[in-house]
Amino acid sequence: MKAGADTAVETDAAGGRQDTKEVILDAAEKLFAEKSYSAVSLRELTQAAGVNLAAVNYHFGSKDALLIALFRRGAIELNRARARLLREAEERAGGGTPPVREIVAALVLPAIRYSFTSTRLALYNQFVAFARGDGPAEAREMLDKEVGHLQRFALSLARALPHLPQHEVYWRLHFAMGVQHSLYTDMKRLETLSGGLCQLDDLEAVAARVIDYVTAGLEAPFTAKG
């Protein structure tokens, strides 16, 4: 153990116990989402977490490594929720291929719900946008290349959309992810553009619109491209 590392265990609001690593991650996620990764100093982070600098170095080694750990933690939670919903859809289909709409719901609902209702993952969603802009190269590479969790969705969609060539399934899945990402990067822009006509406070209505739109795009007829 490194000398000076704060390995104390914190007590959370519910009376439970959090280890120092999780305390640091929680503080960093909130600060990075509120200000941006580059704007938060290690001194500010240690003050918010109630730990010393040695604790950050002990658990993560660097600020960049902390950013990457945040991405991994959020991605694991989000993708577990997606996998569970897809598994449930497959069970409803008797072990067969679910309808496209149910596959889409499994893909996008967790991110929508977390963005609207979960402080931790709503902050994680904002953090991803910041990481794209000023995070370290390794973090951006992870965002671009850690896509294994999407392969199961690509396979399910390929089975549900037999009229599409495999490459077209990937194109359309990529566009579907773009629609989802716009929910936590451009929603205020939508409010401004619509002059307040588009209400963002009804989670279920927003989710239904996204699912309708993405499903229609996935199910559209295929025309060979040059």
# chains A, B, ... in the order shown; residues from 1 in each chain; ligands from 1

$ residues_around --residues "Ala160 (chain A)" --least-positions-apart "5" --cutoff "12 Å" --atoms "only C-alpha atoms" --output "PyMOL selection string"
chain A and resi 90+93+96-104+153-155+165-166+169+215+218-219

$ write_last_selection --atoms "all heavy atoms" --output "compact mmCIF listing (two decimals), in the first residue's frame"
# COMPACT_ATOMS: atom_id res chain seq x y z
N GLU A 90 -36.47 -11.68 -25.72
CA GLU A 90 -36.27 -12.99 -26.35
C GLU A 90 -37.10 -14.06 -25.65
O GLU A 90 -37.63 -14.97 -26.29
CB GLU A 90 -34.79 -13.34 -26.31
CG GLU A 90 -33.95 -12.46 -27.24
CD GLU A 90 -32.46 -12.61 -27.02
OE1 GLU A 90 -32.05 -13.13 -25.96
OE2 GLU A 90 -31.69 -12.19 -27.92
N ALA A 93 -40.55 -13.94 -26.76
CA ALA A 93 -40.65 -14.49 -28.12
C ALA A 93 -40.44 -16.00 -28.13
O ALA A 93 -40.30 -16.60 -29.20
CB ALA A 93 -39.64 -13.81 -29.03
N GLY A 96 -37.20 -17.16 -29.57
CA GLY A 96 -36.96 -16.78 -30.95
C GLY A 96 -36.52 -15.33 -31.06
O GLY A 96 -36.00 -14.76 -30.10
N THR A 97 -36.76 -14.75 -32.21
CA THR A 97 -36.36 -13.37 -32.46
C THR A 97 -37.48 -12.42 -32.09
O THR A 97 -38.60 -12.56 -32.61
CB THR A 97 -35.99 -13.17 -33.94
OG1 THR A 97 -34.93 -14.07 -34.28
CG2 THR A 97 -35.53 -11.74 -34.19
N PRO A 98 -37.25 -11.46 -31.22
CA PRO A 98 -38.28 -10.50 -30.86
C PRO A 98 -38.61 -9.57 -32.02
O PRO A 98 -37.82 -9.43 -32.96
CB PRO A 98 -37.66 -9.71 -29.70
CG PRO A 98 -36.45 -10.48 -29.30
CD PRO A 98 -36.00 -11.23 -30.51
N PRO A 99 -39.75 -8.91 -31.98
CA PRO A 99 -40.06 -7.88 -32.97
C PRO A 99 -39.02 -6.76 -32.91
O PRO A 99 -38.42 -6.50 -31.86
CB PRO A 99 -41.44 -7.35 -32.54
CG PRO A 99 -42.02 -8.44 -31.68
CD PRO A 99 -40.85 -9.09 -31.01
N VAL A 100 -38.83 -6.08 -34.04
CA VAL A 100 -37.83 -5.01 -34.09
C VAL A 100 -38.09 -3.97 -33.02
O VAL A 100 -37.16 -3.49 -32.36
CB VAL A 100 -37.83 -4.35 -35.49
CG1 VAL A 100 -36.93 -3.11 -35.50
CG2 VAL A 100 -37.38 -5.34 -36.55
N ARG A 101 -39.35 -3.62 -32.80
CA ARG A 101 -39.67 -2.59 -31.82
C ARG A 101 -39.17 -2.97 -30.42
O ARG A 101 -38.69 -2.12 -29.67
CB ARG A 101 -41.17 -2.34 -31.80
CG ARG A 101 -41.58 -1.21 -30.86
CD ARG A 101 -43.09 -0.97 -30.86
NE ARG A 101 -43.41 0.14 -29.97
CZ ARG A 101 -43.32 1.41 -30.29
NH1 ARG A 101 -42.93 1.76 -31.50
NH2 ARG A 101 -43.62 2.36 -29.41
N GLU A 102 -39.26 -4.23 -30.05
CA GLU A 102 -38.81 -4.65 -28.73
C GLU A 102 -37.28 -4.65 -28.63
O GLU A 102 -36.72 -4.38 -27.56
CB GLU A 102 -39.38 -6.02 -28.38
CG GLU A 102 -40.89 -6.00 -28.17
CD GLU A 102 -41.40 -7.27 -27.51
OE1 GLU A 102 -40.63 -7.92 -26.80
OE2 GLU A 102 -42.58 -7.59 -27.73
N ILE A 103 -36.62 -4.97 -29.73
CA ILE A 103 -35.15 -4.90 -29.74
C ILE A 103 -34.71 -3.45 -29.56
O ILE A 103 -33.80 -3.15 -28.78
CB ILE A 103 -34.59 -5.48 -31.05
CG1 ILE A 103 -34.99 -6.95 -31.20
CG2 ILE A 103 -33.06 -5.33 -31.08
CD1 ILE A 103 -34.63 -7.55 -32.54
N VAL A 104 -35.39 -2.55 -30.26
CA VAL A 104 -35.06 -1.13 -30.15
C VAL A 104 -35.31 -0.63 -28.73
O VAL A 104 -34.49 0.11 -28.17
CB VAL A 104 -35.90 -0.31 -31.16
CG1 VAL A 104 -35.74 1.19 -30.90
CG2 VAL A 104 -35.49 -0.65 -32.58
N PHE A 153 -27.13 -6.97 -30.26
CA PHE A 153 -28.24 -6.24 -30.87
C PHE A 153 -28.17 -6.32 -32.40
O PHE A 153 -29.19 -6.46 -33.07
CB PHE A 153 -28.25 -4.79 -30.41
CG PHE A 153 -28.73 -4.62 -29.00
CD1 PHE A 153 -27.84 -4.64 -27.95
CD2 PHE A 153 -30.09 -4.47 -28.73
CE1 PHE A 153 -28.28 -4.51 -26.64
CE2 PHE A 153 -30.54 -4.34 -27.43
CZ PHE A 153 -29.64 -4.36 -26.38
N ALA A 154 -26.97 -6.24 -32.93
CA ALA A 154 -26.81 -6.36 -34.38
C ALA A 154 -27.29 -7.72 -34.87
O ALA A 154 -27.97 -7.83 -35.90
CB ALA A 154 -25.35 -6.13 -34.77
N LEU A 155 -26.96 -8.78 -34.13
CA LEU A 155 -27.39 -10.13 -34.52
C LEU A 155 -28.91 -10.27 -34.43
O LEU A 155 -29.55 -10.87 -35.31
CB LEU A 155 -26.70 -11.15 -33.63
CG LEU A 155 -25.19 -11.29 -33.81
CD1 LEU A 155 -24.60 -12.22 -32.76
CD2 LEU A 155 -24.86 -11.80 -35.22
N PRO A 165 -29.12 -6.57 -45.99
CA PRO A 165 -27.77 -7.14 -45.95
C PRO A 165 -27.12 -6.80 -44.61
O PRO A 165 -27.49 -5.83 -43.95
CB PRO A 165 -27.05 -6.41 -47.10
CG PRO A 165 -28.12 -5.79 -47.93
CD PRO A 165 -29.28 -5.54 -47.02
N GLN A 166 -26.15 -7.59 -44.21
CA GLN A 166 -25.52 -7.39 -42.91
C GLN A 166 -24.94 -5.99 -42.76
O GLN A 166 -25.06 -5.36 -41.70
CB GLN A 166 -24.43 -8.44 -42.69
CG GLN A 166 -23.85 -8.43 -41.28
CD GLN A 166 -24.85 -8.87 -40.22
OE1 GLN A 166 -25.66 -9.74 -40.47
NE2 GLN A 166 -24.79 -8.25 -39.04
N VAL A 169 -27.53 -3.48 -41.82
CA VAL A 169 -27.94 -3.57 -40.41
C VAL A 169 -27.00 -2.73 -39.55
O VAL A 169 -27.45 -1.97 -38.67
CB VAL A 169 -27.93 -5.04 -39.93
CG1 VAL A 169 -28.16 -5.11 -38.42
CG2 VAL A 169 -29.00 -5.84 -40.66
N THR A 215 -37.49 2.49 -34.98
CA THR A 215 -38.07 1.27 -35.55
C THR A 215 -38.43 1.48 -37.01
O THR A 215 -38.16 0.62 -37.87
CB THR A 215 -39.33 0.86 -34.76
OG1 THR A 215 -38.96 0.59 -33.40
CG2 THR A 215 -39.96 -0.39 -35.35
N LEU A 218 -35.25 1.42 -39.11
CA LEU A 218 -34.70 0.07 -39.24
C LEU A 218 -35.51 -0.78 -40.21
O LEU A 218 -34.97 -1.60 -40.94
CB LEU A 218 -34.63 -0.60 -37.87
CG LEU A 218 -33.54 -0.08 -36.93
CD1 LEU A 218 -33.80 -0.57 -35.51
CD2 LEU A 218 -32.16 -0.54 -37.39
N GLU A 219 -36.82 -0.62 -40.18
CA GLU A 219 -37.70 -1.45 -41.00
C GLU A 219 -37.90 -0.92 -42.41
O GLU A 219 -38.58 -1.56 -43.21
CB GLU A 219 -39.06 -1.60 -40.30
CG GLU A 219 -38.99 -2.40 -39.01
CD GLU A 219 -40.34 -2.56 -38.33
OE1 GLU A 219 -41.21 -1.69 -38.56
OE2 GLU A 219 -40.52 -3.53 -37.58

$ atom_distance --atom1 "CA of Ala105 (chain A)" --atom2 "CA of Ile211 (chain A)"
6.2 Å

$ closest_residue --among "A:Phe222, A:His149, A:Ile112, A:Asp202" --to "Ser182 (chain A)" --atoms "only C-alpha atoms"
A:Ile112

$ atom_distance --atom1 "CA of Asn57 (chain A)" --atom2 "CA of Leu42 (chain A)"
10.1 Å

$ closest_residue --among "A:Arg92, A:Arg84, A:Arg132, A:Lys30" --to "Leu107 (chain A)" --atoms "only C-alpha atoms"
A:Arg84

$ closest_residue --among "A:Phe116, A:Tyr170, A:Phe32, A:Phe175" --to "Phe71 (chain A)" --atoms "only C-alpha atoms"
A:Phe32

$ atom_distance --atom1 "CA of Gly74 (chain A)" --atom2 "CA of Ser38 (chain A)"
19.4 Å

$ closest_residue --among "A:Leu193, A:Val128, A:Ala83, A:Ala33" --to "Gly148 (chain A)" --atoms "only C-alpha atoms"
A:Ala83

$ closest_residue --among "A:Leu203, A:Val51, A:Val40, A:Ala89" --to "Leu67 (chain A)" --atoms "only C-alpha atoms"
A:Val40

$ closest_residue --among "A:Leu183, A:Ala81, A:Ala224, A:Cys198" --to "Val210 (chain A)" --atoms "only C-alpha atoms"
A:Leu183
